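Following: one structure in structure tokens, then a few remarks.
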There are 2 protein chains.
Amino acid sequence: MIPDNTKCSCEQCELKTLFFSHVTLDTLSDICEIKIEKNFSKGNIIVQEGEPIREFMYLKDGLVKLSKMASDGKDQILSFSKPFDFVSLFSVFSSDTYNYSVTAIEDSTTCILDLDNVKRIAQSNAMFAMDLMSRFSTATDFIIQENLDIKRKHLRGRIAHVLLYFSKRIYGCTSFELPISRREIAEYIGMTTENVIRTLSEFRKDKILKIYGKDIAIVDLKRLQNISEHG
Amino acid sequence: MIPDNTKCSCEQCELKTLFFSHVTLDTLSDICEIKIEKNFSKGNIIVQEGEPIREFMYLKDGLVKLSKMASDGKDQILSFSKPFDFVSLFSVFSSDTYNYSVTAIEDSTTCILDLDNVKRIAQSNAMFAMDLMSRFSTATDFIIQENLDIKRKHLRGRIAHVLLYFSKRIYGCTSFELPISRREIAEYIGMTTENVIRTLSEFRKDKILKIYGKDIAIVDLKRLQNISEHG
DNA sequence: CGCGGCTTTGATGTTCATCAAGTAAAGTGG
DNA sequence: CCACTTTACTTGATGAACATCAAAGCCGCG
């Protein structure tokens, strides 16, 4: 349960070029001196909302959820994030504590940099800062867009939407193991667990899906897409 | 109806220090050479979703709504924005077309800069880029947070939430003229116009509000806050 | 084994959308 | 300026969508 902490060799890190395309090799090695890889197994909390932001973190491998606890104690899921998307970037430049929790929903690996270091580089290297901004902008735009999209749909459309999201965006395949529970789907789309289950059962009876526990296979993709679009 | 376009003198612009605190006077005058003030009267569209982003724009005075048209032709309102918040910043660094429309809901004044110019400065002036990022981050965080908050509430809680938003955040007063129609409230909270009206009438009958058309007075603030929190 | 969490289904009631119909207000053209 | 059209606002009646409550099976884990 306790995550492994191991230094990673930056030469092997495939994220390097993507992430730091505008940072010189010299600066890069400065950063990497204090770069730490951390593994989290499925279900473990990576960052807890409310905690002070001390580090700059990105997702190297795995899948995570971003969530927030409402005042009634119920969790709400904001979005999911896969490698190359940012994990701790939200709030990093606007707050000194995390606004959201991040939890591994598949075994995940994060790379952790010193926050002050990254900020210092961003302040002296504008192209890097622009890079960060661009990625940040894309990620938040997606969250906002996704929330709007879900908002205008009914229960069936929302479930279809989520299934298509995992199928297309995350797994690139019509058969996959759902990384989250029924309750988490409910927390994401803002409906009750029971109705999520009922709708999945309906889709199974209508031969749109095959379901064995968490294993989902989309049988009738066109119909699912139609439901997602038009209820 | 056609907006006035007038050059503004930057010496008089109170936004200057706020916005450009990390830009030298020399660079500033470069920017201001091509700075244009544009007035929009209430109801007019400032930017239309889908249009190419050619300029960098911020709100100097007034109040605007950010909205998006869904595939069924219905508008959804993302958020409202007041001066010092960004207007065209969303998408500016992640897309080449506007993802959202911006419409004046009160007479508004925008300041328009050349986008390439601003980008050039951001690429060479990291502190400025960090400034942009920080403001951008705050603005998007607020939108995401607000949407989550509304999502978990029922009709009455959502209406209460919106009224408190305008009262506290926008007007700083318990009496104000609602800048938007009942339909727009519906488009913001994701419910029907009829139910928005019904709920406002309920609040009036329950002596929580006084309503004369668009003029709203919050009579029982504590009860409204309670409804906003706990339904 | 027994406990707690996840899943499933059914029954019931609440919340909300839809439809309908009418009034008021605001813009439009002669 | 007045008839005309359109848009915003309002209320009621009805039914659909969804939450809640209840009960039971399943599975992993200490």
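To be explicit about the labels: the chains of the structure tokens are called A, B, and onward in the order shown, and within each one the residues are counted from 1, while ligands get numbers from 1 in the order they are shown.
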Exercise: segment 21-28 of chain D partners within 9 Å, only C-alpha atoms (C1' of nucleotides), chain neighbours under 3 positions left out, as a list in words =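 Returned residues: DC6, DT7, DT8, DG10, DA11 and DT12 of chain C.
With the cut-off set to 10 Å and only C-alpha atoms (C1' of nucleotides) counted, chain D residues close to chain B are DA8, DC9, DT10 and DT11 of chain D.
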Mobile chain B fitted to chain A over all in-order Cα pairs, reported as a PDB file with C-alpha atoms, in the first residue's frame:
```pdb
ATOM      1  CA  MET B   1       0.041  -0.139   0.061  1.00  0.00           C
ATOM      2  CA  ILE B   2       2.888   2.260   0.705  1.00  0.00           C
ATOM      3  CA  PRO B   3       3.997   3.666  -2.639  1.00  0.00           C
ATOM      4  CA  ASP B   4       7.483   2.949  -3.893  1.00  0.00           C
ATOM      5  CA  ASN B   5       9.635   6.026  -4.249  1.00  0.00           C
ATOM      6  CA  THR B   6      12.423   5.708  -6.739  1.00  0.00           C
ATOM      7  CA  LYS B   7      14.540   8.196  -8.573  1.00  0.00           C
ATOM      8  CA  CYS B   8      13.998   7.896 -12.294  1.00  0.00           C
ATOM      9  CA  SER B   9      16.575   8.371 -14.937  1.00  0.00           C
ATOM     10  CA  CYS B  10      15.452  11.178 -17.180  1.00  0.00           C
ATOM     11  CA  GLU B  11      17.236   9.778 -20.166  1.00  0.00           C
ATOM     12  CA  GLN B  12      14.667   7.026 -20.303  1.00  0.00           C
ATOM     13  CA  CYS B  13      11.655   9.229 -19.688  1.00  0.00           C
ATOM     14  CA  GLU B  14       9.546   9.501 -22.798  1.00  0.00           C
ATOM     15  CA  LEU B  15       7.696  12.458 -21.356  1.00  0.00           C
ATOM     16  CA  LYS B  16      10.789  14.582 -21.333  1.00  0.00           C
ATOM     17  CA  THR B  17      10.575  15.951 -24.835  1.00  0.00           C
ATOM     18  CA  LEU B  18       6.860  16.447 -24.666  1.00  0.00           C
ATOM     19  CA  PHE B  19       6.852  18.178 -21.385  1.00  0.00           C
ATOM     20  CA  PHE B  20      10.007  20.151 -21.542  1.00  0.00           C
ATOM     21  CA  SER B  21      10.383  20.905 -25.199  1.00  0.00           C
ATOM     22  CA  HIS B  22      11.450  24.456 -24.507  1.00  0.00           C
ATOM     23  CA  VAL B  23      13.820  23.825 -21.651  1.00  0.00           C
ATOM     24  CA  THR B  24      17.554  23.584 -22.262  1.00  0.00           C
ATOM     25  CA  LEU B  25      19.428  20.433 -21.385  1.00  0.00           C
ATOM     26  CA  ASP B  26      21.241  22.224 -18.593  1.00  0.00           C
ATOM     27  CA  THR B  27      18.059  23.344 -16.910  1.00  0.00           C
ATOM     28  CA  LEU B  28      16.594  19.934 -17.502  1.00  0.00           C
ATOM     29  CA  SER B  29      19.320  18.190 -15.587  1.00  0.00           C
ATOM     30  CA  ASP B  30      18.816  20.690 -12.769  1.00  0.00           C
ATOM     31  CA  ILE B  31      15.199  19.668 -12.573  1.00  0.00           C
ATOM     32  CA  CYS B  32      15.924  15.998 -12.854  1.00  0.00           C
ATOM     33  CA  GLU B  33      18.273  16.069  -9.910  1.00  0.00           C
ATOM     34  CA  ILE B  34      15.278  16.205  -7.670  1.00  0.00           C
ATOM     35  CA  LYS B  35      12.786  14.338  -9.806  1.00  0.00           C
ATOM     36  CA  ILE B  36      11.052  11.491  -8.048  1.00  0.00           C
ATOM     37  CA  GLU B  37       8.890   8.749  -9.422  1.00  0.00           C
ATOM     38  CA  LYS B  38       6.081   7.548  -7.222  1.00  0.00           C
ATOM     39  CA  ASN B  39       3.853   4.540  -7.790  1.00  0.00           C
ATOM     40  CA  PHE B  40       0.278   4.343  -6.609  1.00  0.00           C
ATOM     41  CA  SER B  41      -1.764   1.201  -6.815  1.00  0.00           C
ATOM     42  CA  LYS B  42      -5.390   1.306  -7.838  1.00  0.00           C
ATOM     43  CA  GLY B  43      -7.587   2.992  -5.269  1.00  0.00           C
ATOM     44  CA  ASN B  44      -4.850   4.986  -3.562  1.00  0.00           C
ATOM     45  CA  ILE B  45      -5.067   8.713  -3.040  1.00  0.00           C
ATOM     46  CA  ILE B  46      -2.378  10.666  -4.862  1.00  0.00           C
ATOM     47  CA  VAL B  47      -3.252  14.087  -3.564  1.00  0.00           C
ATOM     48  CA  GLN B  48      -5.857  15.102  -1.025  1.00  0.00           C
ATOM     49  CA  GLU B  49      -7.897  18.271  -1.431  1.00  0.00           C
ATOM     50  CA  GLY B  50      -7.017  20.950   1.076  1.00  0.00           C
ATOM     51  CA  GLU B  51      -3.400  19.898   1.424  1.00  0.00           C
ATOM     52  CA  PRO B  52      -0.752  22.490   0.675  1.00  0.00           C
ATOM     53  CA  ILE B  53       0.718  22.278  -2.807  1.00  0.00           C
ATOM     54  CA  ARG B  54       4.379  21.498  -2.304  1.00  0.00           C
ATOM     55  CA  GLU B  55       5.255  19.684  -5.461  1.00  0.00           C
ATOM     56  CA  PHE B  56       4.669  19.759  -9.159  1.00  0.00           C
ATOM     57  CA  MET B  57       3.341  16.434 -10.311  1.00  0.00           C
ATOM     58  CA  TYR B  58       2.393  14.853 -13.607  1.00  0.00           C
ATOM     59  CA  LEU B  59       1.007  11.491 -14.554  1.00  0.00           C
ATOM     60  CA  LYS B  60       3.441   9.234 -16.339  1.00  0.00           C
ATOM     61  CA  ASP B  61       1.409   6.083 -16.430  1.00  0.00           C
ATOM     62  CA  GLY B  62      -2.026   4.862 -15.335  1.00  0.00           C
ATOM     63  CA  LEU B  63      -5.397   6.534 -14.893  1.00  0.00           C
ATOM     64  CA  VAL B  64      -6.705   8.833 -12.193  1.00  0.00           C
ATOM     65  CA  LYS B  65      -9.871  10.601 -11.135  1.00  0.00           C
ATOM     66  CA  LEU B  66     -10.158  14.189  -9.943  1.00  0.00           C
ATOM     67  CA  SER B  67     -12.772  14.637  -7.259  1.00  0.00           C
ATOM     68  CA  LYS B  68     -14.050  17.001  -4.627  1.00  0.00           C
ATOM     69  CA  MET B  69     -15.989  16.402  -1.465  1.00  0.00           C
ATOM     70  CA  ALA B  70     -19.158  18.455  -1.174  1.00  0.00           C
ATOM     71  CA  SER B  71     -20.280  19.983   2.117  1.00  0.00           C
ATOM     72  CA  ASP B  72     -22.678  17.083   2.657  1.00  0.00           C
ATOM     73  CA  GLY B  73     -19.762  14.635   2.601  1.00  0.00           C
ATOM     74  CA  LYS B  74     -20.571  13.209  -0.826  1.00  0.00           C
ATOM     75  CA  ASP B  75     -17.862  12.974  -3.450  1.00  0.00           C
ATOM     76  CA  GLN B  76     -18.222  14.538  -6.845  1.00  0.00           C
ATOM     77  CA  ILE B  77     -15.975  13.461  -9.692  1.00  0.00           C
ATOM     78  CA  LEU B  78     -14.730  16.264 -11.917  1.00  0.00           C
ATOM     79  CA  SER B  79     -12.976  14.328 -14.604  1.00  0.00           C
ATOM     80  CA  PHE B  80     -10.563  11.551 -15.370  1.00  0.00           C
ATOM     81  CA  SER B  81      -7.009  12.032 -16.455  1.00  0.00           C
ATOM     82  CA  LYS B  82      -4.628   9.882 -18.388  1.00  0.00           C
ATOM     83  CA  PRO B  83      -0.867  10.205 -18.968  1.00  0.00           C
ATOM     84  CA  PHE B  84       0.343  13.407 -20.615  1.00  0.00           C
ATOM     85  CA  ASP B  85      -2.592  15.235 -19.077  1.00  0.00           C
ATOM     86  CA  PHE B  86      -1.808  17.238 -16.035  1.00  0.00           C
ATOM     87  CA  VAL B  87      -2.607  16.016 -12.600  1.00  0.00           C
ATOM     88  CA  SER B  88      -1.595  18.589 -10.071  1.00  0.00           C
ATOM     89  CA  LEU B  89      -1.654  21.520 -12.433  1.00  0.00           C
ATOM     90  CA  PHE B  90      -5.105  22.616 -11.447  1.00  0.00           C
ATOM     91  CA  SER B  91      -4.747  25.173  -8.688  1.00  0.00           C
ATOM     92  CA  VAL B  92      -0.942  25.146  -8.864  1.00  0.00           C
ATOM     93  CA  PHE B  93      -0.766  28.694 -10.148  1.00  0.00           C
ATOM     94  CA  SER B  94      -3.837  30.110  -8.495  1.00  0.00           C
ATOM     95  CA  SER B  95      -3.930  28.590  -5.038  1.00  0.00           C
ATOM     96  CA  ASP B  96      -1.550  27.294  -2.406  1.00  0.00           C
ATOM     97  CA  THR B  97      -3.686  24.295  -1.519  1.00  0.00           C
ATOM     98  CA  TYR B  98      -5.196  21.619  -3.712  1.00  0.00           C
ATOM     99  CA  ASN B  99      -8.801  22.276  -4.636  1.00  0.00           C
ATOM    100  CA  TYR B 100      -9.366  18.686  -5.681  1.00  0.00           C
ATOM    101  CA  SER B 101      -8.313  15.205  -4.716  1.00  0.00           C
ATOM    102  CA  VAL B 102      -6.565  12.938  -7.196  1.00  0.00           C
ATOM    103  CA  THR B 103      -7.002   9.178  -6.836  1.00  0.00           C
ATOM    104  CA  ALA B 104      -5.525   6.349  -8.877  1.00  0.00           C
ATOM    105  CA  ILE B 105      -8.257   4.297 -10.562  1.00  0.00           C
ATOM    106  CA  GLU B 106      -5.631   2.119 -12.211  1.00  0.00           C
ATOM    107  CA  ASP B 107      -2.102   1.445 -11.045  1.00  0.00           C
ATOM    108  CA  SER B 108      -0.374   4.717 -11.751  1.00  0.00           C
ATOM    109  CA  THR B 109       3.035   6.327 -11.810  1.00  0.00           C
ATOM    110  CA  THR B 110       3.586  10.015 -11.179  1.00  0.00           C
ATOM    111  CA  CYS B 111       6.684  12.096 -11.648  1.00  0.00           C
ATOM    112  CA  ILE B 112       7.216  14.688  -8.989  1.00  0.00           C
ATOM    113  CA  LEU B 113       9.250  17.858  -9.357  1.00  0.00           C
ATOM    114  CA  ASP B 114      10.015  20.582  -6.904  1.00  0.00           C
ATOM    115  CA  LEU B 115       7.322  23.208  -7.330  1.00  0.00           C
ATOM    116  CA  ASP B 116       9.513  26.232  -6.595  1.00  0.00           C
ATOM    117  CA  ASN B 117      11.980  24.959  -9.113  1.00  0.00           C
ATOM    118  CA  VAL B 118       9.359  24.642 -11.817  1.00  0.00           C
ATOM    119  CA  LYS B 119       7.969  28.052 -10.999  1.00  0.00           C
ATOM    120  CA  ARG B 120      11.430  29.552 -11.157  1.00  0.00           C
ATOM    121  CA  ILE B 121      11.987  28.051 -14.574  1.00  0.00           C
ATOM    122  CA  ALA B 122       8.595  29.209 -15.785  1.00  0.00           C
ATOM    123  CA  GLN B 123       9.363  32.721 -14.607  1.00  0.00           C
ATOM    124  CA  SER B 124      12.611  32.816 -16.512  1.00  0.00           C
ATOM    125  CA  ASN B 125      11.634  30.736 -19.526  1.00  0.00           C
ATOM    126  CA  ALA B 126       8.595  32.156 -21.237  1.00  0.00           C
ATOM    127  CA  MET B 127       8.325  29.457 -23.874  1.00  0.00           C
ATOM    128  CA  PHE B 128       8.081  26.892 -21.106  1.00  0.00           C
ATOM    129  CA  ALA B 129       5.451  28.997 -19.364  1.00  0.00           C
ATOM    130  CA  MET B 130       3.520  29.219 -22.615  1.00  0.00           C
ATOM    131  CA  ASP B 131       3.772  25.481 -22.977  1.00  0.00           C
ATOM    132  CA  LEU B 132       2.333  24.993 -19.521  1.00  0.00           C
ATOM    133  CA  MET B 133      -0.426  27.462 -20.229  1.00  0.00           C
ATOM    134  CA  SER B 134      -1.362  25.796 -23.472  1.00  0.00           C
ATOM    135  CA  ARG B 135      -1.597  22.367 -21.870  1.00  0.00           C
ATOM    136  CA  PHE B 136      -3.422  23.741 -18.906  1.00  0.00           C
ATOM    137  CA  SER B 137      -5.874  25.515 -21.169  1.00  0.00           C
ATOM    138  CA  THR B 138      -6.569  22.386 -23.207  1.00  0.00           C
ATOM    139  CA  ALA B 139      -7.151  20.305 -20.090  1.00  0.00           C
ATOM    140  CA  THR B 140      -9.526  22.749 -18.403  1.00  0.00           C
ATOM    141  CA  ASP B 141     -11.388  23.439 -21.635  1.00  0.00           C
ATOM    142  CA  PHE B 142     -12.015  19.747 -21.932  1.00  0.00           C
ATOM    143  CA  ILE B 143     -13.383  19.495 -18.399  1.00  0.00           C
ATOM    144  CA  ILE B 144     -15.706  22.445 -18.900  1.00  0.00           C
ATOM    145  CA  GLN B 145     -16.877  21.170 -22.268  1.00  0.00           C
ATOM    146  CA  GLU B 146     -17.476  17.681 -20.899  1.00  0.00           C
ATOM    147  CA  ASN B 147     -19.489  18.984 -17.972  1.00  0.00           C
ATOM    148  CA  LEU B 148     -21.690  21.073 -20.260  1.00  0.00           C
ATOM    149  CA  ASP B 149     -22.232  18.101 -22.502  1.00  0.00           C
ATOM    150  CA  ILE B 150     -23.280  15.839 -19.652  1.00  0.00           C
ATOM    151  CA  LYS B 151     -25.465  18.523 -18.137  1.00  0.00           C
ATOM    152  CA  ARG B 152     -27.815  18.705 -21.114  1.00  0.00           C
ATOM    153  CA  LYS B 153     -28.396  14.958 -21.282  1.00  0.00           C
ATOM    154  CA  HIS B 154     -30.752  12.650 -19.434  1.00  0.00           C
ATOM    155  CA  LEU B 155     -29.792   9.547 -17.504  1.00  0.00           C
ATOM    156  CA  ARG B 156     -29.516   7.221 -20.504  1.00  0.00           C
ATOM    157  CA  GLY B 157     -27.606   9.780 -22.536  1.00  0.00           C
ATOM    158  CA  ARG B 158     -25.200  10.388 -19.671  1.00  0.00           C
ATOM    159  CA  ILE B 159     -24.454   6.704 -19.203  1.00  0.00           C
ATOM    160  CA  ALA B 160     -23.942   6.292 -22.935  1.00  0.00           C
ATOM    161  CA  HIS B 161     -21.656   9.317 -22.882  1.00  0.00           C
ATOM    162  CA  VAL B 162     -19.480   7.893 -20.106  1.00  0.00           C
ATOM    163  CA  LEU B 163     -19.204   4.493 -21.777  1.00  0.00           C
ATOM    164  CA  LEU B 164     -18.205   6.108 -25.054  1.00  0.00           C
ATOM    165  CA  TYR B 165     -15.702   8.264 -23.215  1.00  0.00           C
ATOM    166  CA  PHE B 166     -13.903   5.255 -21.768  1.00  0.00           C
ATOM    167  CA  SER B 167     -14.212   3.326 -24.997  1.00  0.00           C
ATOM    168  CA  LYS B 168     -12.903   6.056 -27.286  1.00  0.00           C
ATOM    169  CA  ARG B 169     -10.756   8.343 -25.205  1.00  0.00           C
ATOM    170  CA  ILE B 170      -9.222   5.986 -22.700  1.00  0.00           C
ATOM    171  CA  TYR B 171      -9.066   2.467 -24.098  1.00  0.00           C
ATOM    172  CA  GLY B 172      -9.578   2.940 -27.842  1.00  0.00           C
ATOM    173  CA  CYS B 173     -11.577  -0.252 -27.903  1.00  0.00           C
ATOM    174  CA  THR B 174     -15.225  -1.322 -27.648  1.00  0.00           C
ATOM    175  CA  SER B 175     -14.374  -3.923 -24.997  1.00  0.00           C
ATOM    176  CA  PHE B 176     -12.768  -2.830 -21.772  1.00  0.00           C
ATOM    177  CA  GLU B 177     -12.747  -3.291 -18.047  1.00  0.00           C
ATOM    178  CA  LEU B 178     -14.521  -0.387 -16.417  1.00  0.00           C
ATOM    179  CA  PRO B 179     -11.963   1.232 -14.094  1.00  0.00           C
ATOM    180  CA  ILE B 180     -14.575   2.696 -11.788  1.00  0.00           C
ATOM    181  CA  SER B 181     -17.505   1.466  -9.735  1.00  0.00           C
ATOM    182  CA  ARG B 182     -21.160   2.130 -10.457  1.00  0.00           C
ATOM    183  CA  ARG B 183     -21.137   4.565  -7.598  1.00  0.00           C
ATOM    184  CA  GLU B 184     -18.282   6.488  -9.160  1.00  0.00           C
ATOM    185  CA  ILE B 185     -20.141   6.729 -12.446  1.00  0.00           C
ATOM    186  CA  ALA B 186     -23.007   8.174 -10.428  1.00  0.00           C
ATOM    187  CA  GLU B 187     -20.650  10.645  -8.766  1.00  0.00           C
ATOM    188  CA  TYR B 188     -19.405  11.720 -12.156  1.00  0.00           C
ATOM    189  CA  ILE B 189     -22.733  12.185 -13.945  1.00  0.00           C
ATOM    190  CA  GLY B 190     -24.643  13.467 -10.927  1.00  0.00           C
ATOM    191  CA  MET B 191     -27.249  10.723 -10.604  1.00  0.00           C
ATOM    192  CA  THR B 192     -27.831   7.908  -8.128  1.00  0.00           C
ATOM    193  CA  THR B 193     -25.986   4.597  -8.098  1.00  0.00           C
ATOM    194  CA  GLU B 194     -29.248   2.665  -8.412  1.00  0.00           C
ATOM    195  CA  ASN B 195     -30.210   4.450 -11.594  1.00  0.00           C
ATOM    196  CA  VAL B 196     -26.774   3.937 -13.080  1.00  0.00           C
ATOM    197  CA  ILE B 197     -27.148   0.208 -12.488  1.00  0.00           C
ATOM    198  CA  ARG B 198     -30.706   0.149 -13.805  1.00  0.00           C
ATOM    199  CA  THR B 199     -29.660   1.898 -16.995  1.00  0.00           C
ATOM    200  CA  LEU B 200     -26.706  -0.422 -17.548  1.00  0.00           C
ATOM    201  CA  SER B 201     -29.093  -3.358 -17.098  1.00  0.00           C
ATOM    202  CA  GLU B 202     -31.477  -1.802 -19.617  1.00  0.00           C
ATOM    203  CA  PHE B 203     -28.654  -1.464 -22.124  1.00  0.00           C
ATOM    204  CA  ARG B 204     -27.802  -5.108 -21.507  1.00  0.00           C
ATOM    205  CA  LYS B 205     -31.396  -6.213 -22.036  1.00  0.00           C
ATOM    206  CA  ASP B 206     -31.610  -4.070 -25.170  1.00  0.00           C
ATOM    207  CA  LYS B 207     -28.494  -5.849 -26.436  1.00  0.00           C
ATOM    208  CA  ILE B 208     -26.518  -2.620 -26.637  1.00  0.00           C
ATOM    209  CA  LEU B 209     -23.946  -3.891 -24.139  1.00  0.00           C
ATOM    210  CA  LYS B 210     -22.582  -7.113 -22.775  1.00  0.00           C
ATOM    211  CA  ILE B 211     -21.772  -6.845 -19.091  1.00  0.00           C
ATOM    212  CA  TYR B 212     -19.891  -9.199 -16.799  1.00  0.00           C
ATOM    213  CA  GLY B 213     -19.215  -7.253 -13.635  1.00  0.00           C
ATOM    214  CA  LYS B 214     -16.765  -4.561 -14.670  1.00  0.00           C
ATOM    215  CA  ASP B 215     -16.133  -6.021 -18.099  1.00  0.00           C
ATOM    216  CA  ILE B 216     -18.053  -4.069 -20.674  1.00  0.00           C
ATOM    217  CA  ALA B 217     -18.423  -4.823 -24.370  1.00  0.00           C
ATOM    218  CA  ILE B 218     -20.224  -2.371 -26.588  1.00  0.00           C
ATOM    219  CA  VAL B 219     -22.269  -4.478 -28.980  1.00  0.00           C
ATOM    220  CA  ASP B 220     -24.363  -1.846 -30.735  1.00  0.00           C
ATOM    221  CA  LEU B 221     -22.077   1.176 -31.024  1.00  0.00           C
ATOM    222  CA  LYS B 222     -24.332   3.164 -33.327  1.00  0.00           C
ATOM    223  CA  ARG B 223     -27.274   2.879 -31.000  1.00  0.00           C
ATOM    224  CA  LEU B 224     -25.139   3.875 -28.027  1.00  0.00           C
ATOM    225  CA  GLN B 225     -23.895   6.923 -29.925  1.00  0.00           C
ATOM    226  CA  ASN B 226     -27.449   7.771 -30.843  1.00  0.00           C
ATOM    227  CA  ILE B 227     -28.538   7.534 -27.220  1.00  0.00           C
ATOM    228  CA  SER B 228     -25.614   9.695 -26.180  1.00  0.00           C
ATOM    229  CA  GLU B 229     -26.594  12.370 -28.695  1.00  0.00           C
ATOM    230  CA  HIS B 230     -30.368  12.334 -28.580  1.00  0.00           C
ATOM    231  CA  GLY B 231     -31.297  10.767 -25.252  1.00  0.00           C
TER     232      GLY B 231
END
```
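We find atom C1' of DC16 of chain C and atom C1' of DA17 of chain D to be spaced 7.8 Å apart.
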When the cut-off is 10 Å and we count only C-alpha atoms (C1' of nucleotides), which residues of chain C are near chain B, given as JSON, numbers by chain?
-> {"C": [15, 16, 17, 18]}
Now that the selection is made, can you save its residues with C-alpha atoms (C1' of nucleotides) as a PDB file, in the first residue's frame?
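Listed below is the output, part14.pdb:
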```
ATOM      1  C1'  DT C  15     -39.107  16.466  -8.425  1.00  0.00           C
ATOM      2  C1'  DC C  16     -39.124  18.206 -12.545  1.00  0.00           C
ATOM      3  C1'  DA C  17     -40.265  18.653 -17.769  1.00  0.00           C
ATOM      4  C1'  DT C  18     -43.785  19.181 -20.891  1.00  0.00           C
TER       5       DT C  18
END
```
Run DSSP on the backbone and give me the residues of segment 75-217 of chain A it puts in strand (DSSP E or B), as a PyMOL selection string.
-> chain A and resi 75-81+86+97+101-114+175-177+209-212+215-217
Could you pull out all residues of segment 37-177 of chain A with a DSSP call of alpha helix (DSSP H) and give them as a count of residues only?
-> 46
Point-to-point distance in Å for atom C1' of DT5 of chain D and atom C1' of DG27 of chain C = 8.6 Å
How many Å separate atom C1' of DA16 of chain D from atom C1' of DA20 of chain C?
->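 Spanning atom C1' of DA16 of chain D to atom C1' of DA20 of chain C is a straight-line distance of 17.0 Å.
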Name all residues at most 9 Å from DT14 of chain C (count only C-alpha atoms (C1' of nucleotides); drop same-chain ones fewer than 5 positions away) and give them as a list in words.
-> DC18, DA19 and DT20 of chain D
Please produce an output containing C-alpha atoms (C1' of nucleotides) for each residue in the selection, written as a short mmCIF file (atom, residue, chain, number, x, y, z; two decimals), in the first residue's frame.
```
data_model
loop_
_atom_site.label_atom_id
_atom_site.label_comp_id
_atom_site.auth_asym_id
_atom_site.auth_seq_id
_atom_site.Cartn_x
_atom_site.Cartn_y
_atom_site.Cartn_z
"C1'" DC D 18 -35.54 10.28 -11.25
"C1'" DA D 19 -34.53 9.73 -6.01
"C1'" DT D 20 -35.46 7.22 -2.11
#
```
